[in-house]
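Novice: Before we start, here is the structure in question, set down as structure tokens.
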Amino acid sequence: MASPVAGVVPLAVASRVLLLALSLLSRLLFRPYDTSATLHPPCLLPSPSPNSTAVAAAAADDDPAPSVSSLAVWDGVHFLRAAECGYEYEQSFAFLPLLPASLNLLARSVLAPLVPVLGYRAVLVVSGYVLNNVAFVAAAAYFYRLSVLILKSPSAAYRASVLFCFNPASVFYSSLYSESLYALFSLGGVFYVFTGANTIAMIMLALSGSARSNGALNAGYFCFQALLHAYDAAFQKKRPMLAVQVLVAGLLRSVFIFIPFFAFQAYGYLNICLLGNMEELRPWCKSKVPLLYGFIQSHYWGVGFLRYFQVKQLPNFLLASPVLSLAVYSIVHYTKMLRQLFESNSIHELIVATVEGRSIKAYKSSDVDTVLRSGVSTNVTNKAQGNAVVKRRKSVATETDSNDQIIEVNKDVCPILVLPFILHLAFMTFTAFFVMHVQVSTRFLSASPPIYWAASHILVSPSSSKRWGNIICAYFIAYILLGSLLFSNFYPFT
């Protein structure tokens with residue numbers, strides 16, 4: 001597998017420098033719509049004092065660097081408050097703890113020398129910008145490695161990675177939001193799922209669930225992996241007990257991914273329902289399943305099925321329409337390809353080949369001519385058989401025998417490993433359109449690889465009109481510019 005360092009990492013770094021420059025320029029040229037981010041009311045809850053005396057003194061002062069603190073906008077204000085003061089209000093539990101905890105860790109360790117100069121609150125903001133931009137670069141590297149692993153085409157993976165580096169939600173990955181941490185642990189965790197490093201995958205995917213609530217959905221990748229291996233054990237290896245073991249292991253790994261999210265819900269229940277000072281219990285505390293996160297989303301933000309379908313929200317549906325259209329195209333495109341794959345191959349052979357690593361070794365990139373690559377069985381040991389393989393390759397044959405497996409690569413074939421990504425994207429797209437505030441779709445779907453895989457396919461596919469490729473590029477560029485201008489100045493964006 002080609003190293004992503006040579007191309008993708010410098011590109012990701014360049015994209016972050018560009019986003020930060022655009023955001024800072026917009027702050028210099030335009031006055032923020034809402035300046036309340038500079039307000040700094042005292043914490044309601046006793047917070048642990050920073051380590052050193054100097055740090056403690058600086059933390060107790062009024063904000064000495066309000067211009068830095070004001071860089072926290074929109075949800076960033078809530079994440080900053082949680083990092084500085086803990087979870088003071090019921091609605092603050094909507095902001096999961098990974099980002100606030102990480103900000104505290106950086107501000108009290110690596111960046112602690114800056115606290116006497118800037119103040120603790122400003123250092124928390126700086127920590128967020130440093131952390132999220134570094135995390136995005138790492139996420140881009142994992143995106144490339146995962147794309148190569150699934151698409152089996154470094155060129156297609158690179159094109160998709162370029163789009164990811166300059167995605168329409170880019171401004172959120174370079175600000176005080178949890179998108180970068182979620183993308184890092186989500187993409188990295190899924191990569192390790194499909195490379196067999198299950199322990200690392202479990203830890204990373206669990207962390208993704210403590211960054212964003214939808215991170216818990218990543219448990220589905222372990223379920224998919226378990227089903228493939230259980231089928232192989234039961235029907236290919238004829239070992240039913242091994243299949244049971246595989247299913248149990250997959251279930252336990254999936255449950256582990258949910259633990260951070262539900263642990264945080266338990267923490268909220270303890271602080272609000274059991275230790276709170278309210279005269280009357282909150283309604284969600286009395287529920288059979290007291291899920292704080294769902295109550296907050298419904299009660300404070302009006303999230304619910306079809307609740308956003310109002311005439312006054314039409315501009316927000318329009319704002320989200322590009323990413324939703326691209327998501328639907330991705331789902332339809334890969335569903336058609338998977339259907340063709342299942343029609344031309346038996347499911348048994350596909351599953352066994354995938355589990356045993358004998359699947360198609362290379363896939364036709366949409367920007368090159370049809371190429372025949374071979375997945376030669378390890379039983380090929382003599383020169384005659386090797387020469388036969390070469391002849392078949394030259395004649396673009398698709399013959400197979402007991403010792404040789406030659407598979408023609410064409411644009412209508414995709415690996416079965418694409419399936420869980422499409423199911424994941426389909427569920428998230430449905431949720432974004434029918435349940436959530438639809439304008440959030442731009443960033444909610446921004447870490448989903450199939451969107452960029454499909455978009456990169458459109459850019460180079462001979463069957464696609466050049467106009468659609470230009471529209472995609474214009475959409476990405478426009479949202480980067482709009483995001484840098486509007487979001488950074490506290491104007492509504494997504």
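Chains: A, B, ... in order of the structure tokens. Residues: from 1 per chain. Ligands: from 1, in order shown.
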I'd like the neighbourhood of Leu326 of chain A as a PDB file with all heavy atoms, in the first residue's frame, where a residue qualifies if any of its atoms comes within 10 Å (using only C-alpha atoms), though same-chain residues fewer than 2 positions away should be ignored.

Specialist:
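Wrote result37.pdb, looks like this:
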```pdb
ATOM      1  N   SER A 321     -29.225  20.736  -0.040  1.00  0.00           N
ATOM      2  CA  SER A 321     -29.533  19.937  -1.227  1.00  0.00           C
ATOM      3  C   SER A 321     -28.309  19.416  -1.978  1.00  0.00           C
ATOM      4  O   SER A 321     -28.348  18.283  -2.481  1.00  0.00           O
ATOM      5  CB  SER A 321     -30.442  20.732  -2.168  1.00  0.00           C
ATOM      6  OG  SER A 321     -29.819  21.928  -2.590  1.00  0.00           O
ATOM      7  N   PRO A 322     -27.203  20.162  -2.085  1.00  0.00           N
ATOM      8  CA  PRO A 322     -26.049  19.605  -2.809  1.00  0.00           C
ATOM      9  C   PRO A 322     -25.487  18.339  -2.168  1.00  0.00           C
ATOM     10  O   PRO A 322     -25.255  17.338  -2.861  1.00  0.00           O
ATOM     11  CB  PRO A 322     -25.032  20.751  -2.789  1.00  0.00           C
ATOM     12  CG  PRO A 322     -25.848  21.988  -2.634  1.00  0.00           C
ATOM     13  CD  PRO A 322     -26.978  21.589  -1.747  1.00  0.00           C
ATOM     14  N   VAL A 323     -25.251  18.361  -0.867  1.00  0.00           N
ATOM     15  CA  VAL A 323     -24.656  17.181  -0.237  1.00  0.00           C
ATOM     16  C   VAL A 323     -25.649  16.030  -0.200  1.00  0.00           C
ATOM     17  O   VAL A 323     -25.269  14.859  -0.352  1.00  0.00           O
ATOM     18  CB  VAL A 323     -24.142  17.520   1.180  1.00  0.00           C
ATOM     19  CG1 VAL A 323     -25.279  17.731   2.164  1.00  0.00           C
ATOM     20  CG2 VAL A 323     -23.209  16.420   1.681  1.00  0.00           C
ATOM     21  N   LEU A 324     -26.939  16.326  -0.022  1.00  0.00           N
ATOM     22  CA  LEU A 324     -27.938  15.266  -0.028  1.00  0.00           C
ATOM     23  C   LEU A 324     -28.049  14.638  -1.416  1.00  0.00           C
ATOM     24  O   LEU A 324     -28.183  13.416  -1.547  1.00  0.00           O
ATOM     25  CB  LEU A 324     -29.291  15.809   0.421  1.00  0.00           C
ATOM     26  CG  LEU A 324     -29.411  16.204   1.899  1.00  0.00           C
ATOM     27  CD1 LEU A 324     -30.744  16.890   2.166  1.00  0.00           C
ATOM     28  CD2 LEU A 324     -29.253  14.986   2.800  1.00  0.00           C
ATOM     29  N   VAL A 328     -27.275  10.740  -2.240  1.00  0.00           N
ATOM     30  CA  VAL A 328     -28.231   9.861  -2.914  1.00  0.00           C
ATOM     31  C   VAL A 328     -27.607   9.269  -4.170  1.00  0.00           C
ATOM     32  O   VAL A 328     -27.768   8.071  -4.463  1.00  0.00           O
ATOM     33  CB  VAL A 328     -29.522  10.631  -3.248  1.00  0.00           C
ATOM     34  CG1 VAL A 328     -30.433   9.796  -4.154  1.00  0.00           C
ATOM     35  CG2 VAL A 328     -30.259  11.012  -1.978  1.00  0.00           C
ATOM     36  N   TYR A 329     -26.873  10.091  -4.913  1.00  0.00           N
ATOM     37  CA  TYR A 329     -26.187   9.565  -6.102  1.00  0.00           C
ATOM     38  C   TYR A 329     -25.206   8.461  -5.713  1.00  0.00           C
ATOM     39  O   TYR A 329     -25.122   7.424  -6.375  1.00  0.00           O
ATOM     40  CB  TYR A 329     -25.445  10.682  -6.837  1.00  0.00           C
ATOM     41  CG  TYR A 329     -24.552  10.155  -7.939  1.00  0.00           C
ATOM     42  CD1 TYR A 329     -25.078   9.853  -9.194  1.00  0.00           C
ATOM     43  CD2 TYR A 329     -23.191   9.919  -7.713  1.00  0.00           C
ATOM     44  CE1 TYR A 329     -24.267   9.334 -10.196  1.00  0.00           C
ATOM     45  CE2 TYR A 329     -22.381   9.404  -8.705  1.00  0.00           C
ATOM     46  CZ  TYR A 329     -22.921   9.117  -9.939  1.00  0.00           C
ATOM     47  OH  TYR A 329     -22.117   8.588 -10.929  1.00  0.00           O
ATOM     48  N   SER A 330     -24.454   8.685  -4.634  1.00  0.00           N
ATOM     49  CA  SER A 330     -23.471   7.682  -4.187  1.00  0.00           C
ATOM     50  C   SER A 330     -24.167   6.372  -3.844  1.00  0.00           C
ATOM     51  O   SER A 330     -23.696   5.292  -4.233  1.00  0.00           O
ATOM     52  CB  SER A 330     -22.710   8.202  -2.964  1.00  0.00           C
ATOM     53  OG  SER A 330     -22.134   9.459  -3.206  1.00  0.00           O
ATOM     54  N   ILE A 331     -25.290   6.464  -3.135  1.00  0.00           N
ATOM     55  CA  ILE A 331     -26.024   5.261  -2.734  1.00  0.00           C
ATOM     56  C   ILE A 331     -26.535   4.515  -3.960  1.00  0.00           C
ATOM     57  O   ILE A 331     -26.382   3.296  -4.084  1.00  0.00           O
ATOM     58  CB  ILE A 331     -27.183   5.642  -1.798  1.00  0.00           C
ATOM     59  CG1 ILE A 331     -26.632   6.228  -0.481  1.00  0.00           C
ATOM     60  CG2 ILE A 331     -28.065   4.433  -1.508  1.00  0.00           C
ATOM     61  CD1 ILE A 331     -27.677   6.939   0.354  1.00  0.00           C
ATOM     62  N   VAL A 332     -27.143   5.244  -4.896  1.00  0.00           N
ATOM     63  CA  VAL A 332     -27.693   4.618  -6.103  1.00  0.00           C
ATOM     64  C   VAL A 332     -26.580   4.035  -6.959  1.00  0.00           C
ATOM     65  O   VAL A 332     -26.685   2.902  -7.464  1.00  0.00           O
ATOM     66  CB  VAL A 332     -28.512   5.646  -6.905  1.00  0.00           C
ATOM     67  CG1 VAL A 332     -28.942   5.065  -8.256  1.00  0.00           C
ATOM     68  CG2 VAL A 332     -29.734   6.091  -6.114  1.00  0.00           C
ATOM     69  N   PRO A 450     -18.045   7.147   0.799  1.00  0.00           N
ATOM     70  CA  PRO A 450     -18.668   6.942  -0.514  1.00  0.00           C
ATOM     71  C   PRO A 450     -19.017   8.232  -1.247  1.00  0.00           C
ATOM     72  O   PRO A 450     -19.043   8.255  -2.480  1.00  0.00           O
ATOM     73  CB  PRO A 450     -19.939   6.144  -0.179  1.00  0.00           C
ATOM     74  CG  PRO A 450     -19.636   5.445   1.088  1.00  0.00           C
ATOM     75  CD  PRO A 450     -18.767   6.399   1.850  1.00  0.00           C
ATOM     76  N   ILE A 451     -19.282   9.306  -0.528  1.00  0.00           N
ATOM     77  CA  ILE A 451     -19.587  10.576  -1.181  1.00  0.00           C
ATOM     78  C   ILE A 451     -18.408  11.028  -2.031  1.00  0.00           C
ATOM     79  O   ILE A 451     -18.571  11.453  -3.185  1.00  0.00           O
ATOM     80  CB  ILE A 451     -19.950  11.643  -0.127  1.00  0.00           C
ATOM     81  CG1 ILE A 451     -21.323  11.341   0.475  1.00  0.00           C
ATOM     82  CG2 ILE A 451     -19.932  13.042  -0.732  1.00  0.00           C
ATOM     83  CD1 ILE A 451     -21.764  12.329   1.526  1.00  0.00           C
ATOM     84  N   TYR A 452     -17.213  10.919  -1.495  1.00  0.00           N
ATOM     85  CA  TYR A 452     -16.017  11.361  -2.217  1.00  0.00           C
ATOM     86  C   TYR A 452     -15.598  10.329  -3.276  1.00  0.00           C
ATOM     87  O   TYR A 452     -15.081  10.707  -4.330  1.00  0.00           O
ATOM     88  CB  TYR A 452     -14.886  11.623  -1.226  1.00  0.00           C
ATOM     89  CG  TYR A 452     -15.297  12.588  -0.136  1.00  0.00           C
ATOM     90  CD1 TYR A 452     -15.657  12.127   1.128  1.00  0.00           C
ATOM     91  CD2 TYR A 452     -15.380  13.950  -0.383  1.00  0.00           C
ATOM     92  CE1 TYR A 452     -16.062  12.995   2.110  1.00  0.00           C
ATOM     93  CE2 TYR A 452     -15.789  14.835   0.602  1.00  0.00           C
ATOM     94  CZ  TYR A 452     -16.133  14.351   1.854  1.00  0.00           C
ATOM     95  OH  TYR A 452     -16.542  15.219   2.832  1.00  0.00           O
ATOM     96  N   ALA A 454     -17.678   8.487  -5.015  1.00  0.00           N
ATOM     97  CA  ALA A 454     -18.590   8.691  -6.141  1.00  0.00           C
ATOM     98  C   ALA A 454     -18.297  10.005  -6.854  1.00  0.00           C
ATOM     99  O   ALA A 454     -18.339  10.073  -8.093  1.00  0.00           O
ATOM    100  CB  ALA A 454     -20.039   8.662  -5.651  1.00  0.00           C
ATOM    101  N   ALA A 455     -18.008  11.064  -6.095  1.00  0.00           N
ATOM    102  CA  ALA A 455     -17.700  12.354  -6.711  1.00  0.00           C
ATOM    103  C   ALA A 455     -16.435  12.270  -7.560  1.00  0.00           C
ATOM    104  O   ALA A 455     -16.382  12.829  -8.671  1.00  0.00           O
ATOM    105  CB  ALA A 455     -17.546  13.417  -5.630  1.00  0.00           C
ATOM    106  N   ILE A 472     -19.611  19.952  -9.321  1.00  0.00           N
ATOM    107  CA  ILE A 472     -19.091  19.439  -8.044  1.00  0.00           C
ATOM    108  C   ILE A 472     -17.944  20.307  -7.553  1.00  0.00           C
ATOM    109  O   ILE A 472     -17.891  20.698  -6.369  1.00  0.00           O
ATOM    110  CB  ILE A 472     -18.648  17.975  -8.206  1.00  0.00           C
ATOM    111  CG1 ILE A 472     -19.875  17.074  -8.367  1.00  0.00           C
ATOM    112  CG2 ILE A 472     -17.823  17.524  -6.998  1.00  0.00           C
ATOM    113  CD1 ILE A 472     -19.539  15.630  -8.654  1.00  0.00           C
TER     114      ILE A 472
END
```

Novice: When you look at Asn132 of chain A with a cut-off of 8 Å (counting only C-alpha atoms), what residues show up, excluding the ones that are within fewer than 3 positions of it in the same chain? I need them as a VMD selection string.

Specialist: chain A and resid 128 to 129 135 to 136 173 to 178 180 to 181

Novice: Please produce an output containing C-alpha atoms for each residue in the selection, written as a PDB file, in the first residue's frame.

Specialist:
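Output below, filename selection-v9.pdb:
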```
ATOM      1  CA  GLY A 128      -8.910  23.316  19.920  1.00  0.00           C
ATOM      2  CA  TYR A 129      -7.542  24.821  16.734  1.00  0.00           C
ATOM      3  CA  ALA A 135      -6.453  15.560  13.703  1.00  0.00           C
ATOM      4  CA  PHE A 136      -7.777  16.449  10.265  1.00  0.00           C
ATOM      5  CA  TYR A 173     -12.662  20.708  10.611  1.00  0.00           C
ATOM      6  CA  SER A 174     -10.516  23.759  11.340  1.00  0.00           C
ATOM      7  CA  SER A 175     -12.545  25.217  14.189  1.00  0.00           C
ATOM      8  CA  LEU A 176     -13.723  24.331  17.675  1.00  0.00           C
ATOM      9  CA  TYR A 177     -15.977  21.470  16.545  1.00  0.00           C
ATOM     10  CA  SER A 178     -15.791  17.706  17.010  1.00  0.00           C
ATOM     11  CA  SER A 180     -11.991  16.342  13.041  1.00  0.00           C
ATOM     12  CA  LEU A 181     -11.756  14.007  16.024  1.00  0.00           C
TER      13      LEU A 181
END
```

Novice: Counting only C-alpha atoms, figure out which residue out of A:Leu80, A:Leu20, A:Ala94, A:Leu151 gets nearest to Ala107 of chain A.

Specialist: A:Leu80

Novice: For Phe444 of chain A, which of A:Phe261, A:Phe172, A:Trp74, A:Tyr89 is the closest residue, counting only C-alpha atoms?

Specialist: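 Using only C-alpha atoms, the shortest distance to Phe444 of chain A belongs to A:Phe172.
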
Novice: Of the residues A:Leu314, A:Ile480, A:Val355, A:Val8, which is the one nearest to Ser155 of chain A, using only C-alpha atoms?

Specialist: A:Val8

Novice: Among segment 276-336 of chain A, which residues carry a DSSP assignment of helix (DSSP H, G or I), reported as a PyMOL selection string?

Specialist: chain A and resi 283-286+292-301+311-336

Novice: Give me a file of those residues, with C-alpha atoms, as a CSV table (one decimal), in the first residue's frame.

Specialist:
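So result.csv came out as:
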```csv
chain,number,residue,atom,x,y,z
A,283,PRO,CA,-39.4,14.3,32.4
A,284,TRP,CA,-36.7,12.2,30.9
A,285,CYS,CA,-35.5,11.0,34.3
A,286,LYS,CA,-38.9,9.2,34.7
A,292,LEU,CA,-30.7,12.3,28.1
A,293,TYR,CA,-29.2,12.9,24.6
A,294,GLY,CA,-32.5,12.2,22.8
A,295,PHE,CA,-34.5,14.4,25.2
A,296,ILE,CA,-32.1,17.3,24.7
A,297,GLN,CA,-32.2,17.1,20.9
A,298,SER,CA,-36.0,17.0,20.9
A,299,HIS,CA,-36.7,19.4,23.7
A,300,TYR,CA,-34.1,22.1,23.1
A,301,TRP,CA,-33.5,21.9,19.4
A,311,VAL,CA,-42.2,26.3,4.7
A,312,LYS,CA,-39.9,28.7,6.6
A,313,GLN,CA,-37.2,26.0,6.5
A,314,LEU,CA,-37.1,25.8,2.7
A,315,PRO,CA,-33.8,27.9,2.5
A,316,ASN,CA,-32.2,25.3,4.8
A,317,PHE,CA,-33.3,22.4,2.6
A,318,LEU,CA,-31.9,24.3,-0.3
A,319,LEU,CA,-28.6,24.8,1.5
A,320,ALA,CA,-28.4,21.1,2.2
A,321,SER,CA,-29.5,19.9,-1.2
A,322,PRO,CA,-26.0,19.6,-2.8
A,323,VAL,CA,-24.7,17.2,-0.2
A,324,LEU,CA,-27.9,15.3,0.0
A,325,SER,CA,-28.0,14.9,-3.8
A,326,LEU,CA,-24.4,13.7,-3.9
A,327,ALA,CA,-25.2,11.2,-1.1
A,328,VAL,CA,-28.2,9.9,-2.9
A,329,TYR,CA,-26.2,9.6,-6.1
A,330,SER,CA,-23.5,7.7,-4.2
A,331,ILE,CA,-26.0,5.3,-2.7
A,332,VAL,CA,-27.7,4.6,-6.1
A,333,HIS,CA,-24.4,4.3,-8.0
A,334,TYR,CA,-22.8,1.8,-5.6
A,335,THR,CA,-26.1,-0.1,-5.2
A,336,LYS,CA,-26.2,-0.7,-8.9
```

Novice: In terms of the shortest atom-to-atom distance over only C-alpha atoms, which of A:Ala216, A:Ala353, A:Ala169, A:Val77 is closest to Phe493 of chain A?

Specialist: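 Of A:Ala216, A:Ala353, A:Ala169, A:Val77, the one nearest Phe493 of chain A is A:Ala169, counting only C-alpha atoms.
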
Novice: If we count only C-alpha atoms and set the cut-off at 12 Å, which residues sit around Leu459 of chain A, ignoring sequence neighbours fewer than 2 positions away in its own chain? Please answer as a PyMOL selection string.

Specialist: chain A and resi 156+159-160+162-163+365-367+452-457+461-473

Novice: Between A:Gly304, A:Pro420, A:Gly86, A:Pro66, which is the closest to Val125 of chain A once you count only C-alpha atoms?

Specialist: A:Pro66

Novice: Excluding Met204 of chain A and residues on its chain fewer than 6 positions from it, collect all residues at most 8 Å away from it, counting only C-alpha atoms, and give them as number ranges by chain.

Specialist: A: 185-186, 188-189

Novice: List the spatial neighbours of segment 241-252 of chain A as a PyMOL selection string - criterion: any atom at most 10 Å away, only C-alpha atoms, same-chain residues fewer than 4 positions off excluded.

Specialist: chain A and resi 198+202+219-235+237+256-257

Novice: What does the file look like for those residues with C-alpha atoms, as a short mmCIF file (atom, residue, chain, number, x, y, z; two decimals), in the first residue's frame?

Specialist:
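Here's the written file out-v7.cif:
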```
data_model
loop_
_atom_site.label_atom_id
_atom_site.label_comp_id
_atom_site.auth_asym_id
_atom_site.auth_seq_id
_atom_site.Cartn_x
_atom_site.Cartn_y
_atom_site.Cartn_z
CA ASN A 198 -9.45 -5.43 15.98
CA MET A 202 -12.37 -1.09 18.91
CA ALA A 219 -20.37 -0.79 15.40
CA GLY A 220 -22.05 -1.91 12.18
CA TYR A 221 -18.67 -2.45 10.54
CA PHE A 222 -17.76 -5.00 13.19
CA CYS A 223 -21.14 -6.67 12.65
CA PHE A 224 -20.48 -6.88 8.92
CA GLN A 225 -17.00 -8.29 9.49
CA ALA A 226 -18.37 -10.87 11.94
CA LEU A 227 -21.08 -11.99 9.53
CA LEU A 228 -18.56 -12.50 6.72
CA HIS A 229 -16.19 -14.54 8.87
CA ALA A 230 -18.99 -16.52 10.50
CA TYR A 231 -20.37 -17.48 7.08
CA ASP A 232 -16.91 -18.53 5.95
CA ALA A 233 -16.41 -20.60 9.09
CA ALA A 234 -19.81 -22.30 8.87
CA PHE A 235 -20.11 -23.00 5.15
CA LYS A 237 -14.54 -24.38 6.68
CA PHE A 256 -17.72 -2.01 23.40
CA ILE A 257 -18.14 0.79 20.86
#
```
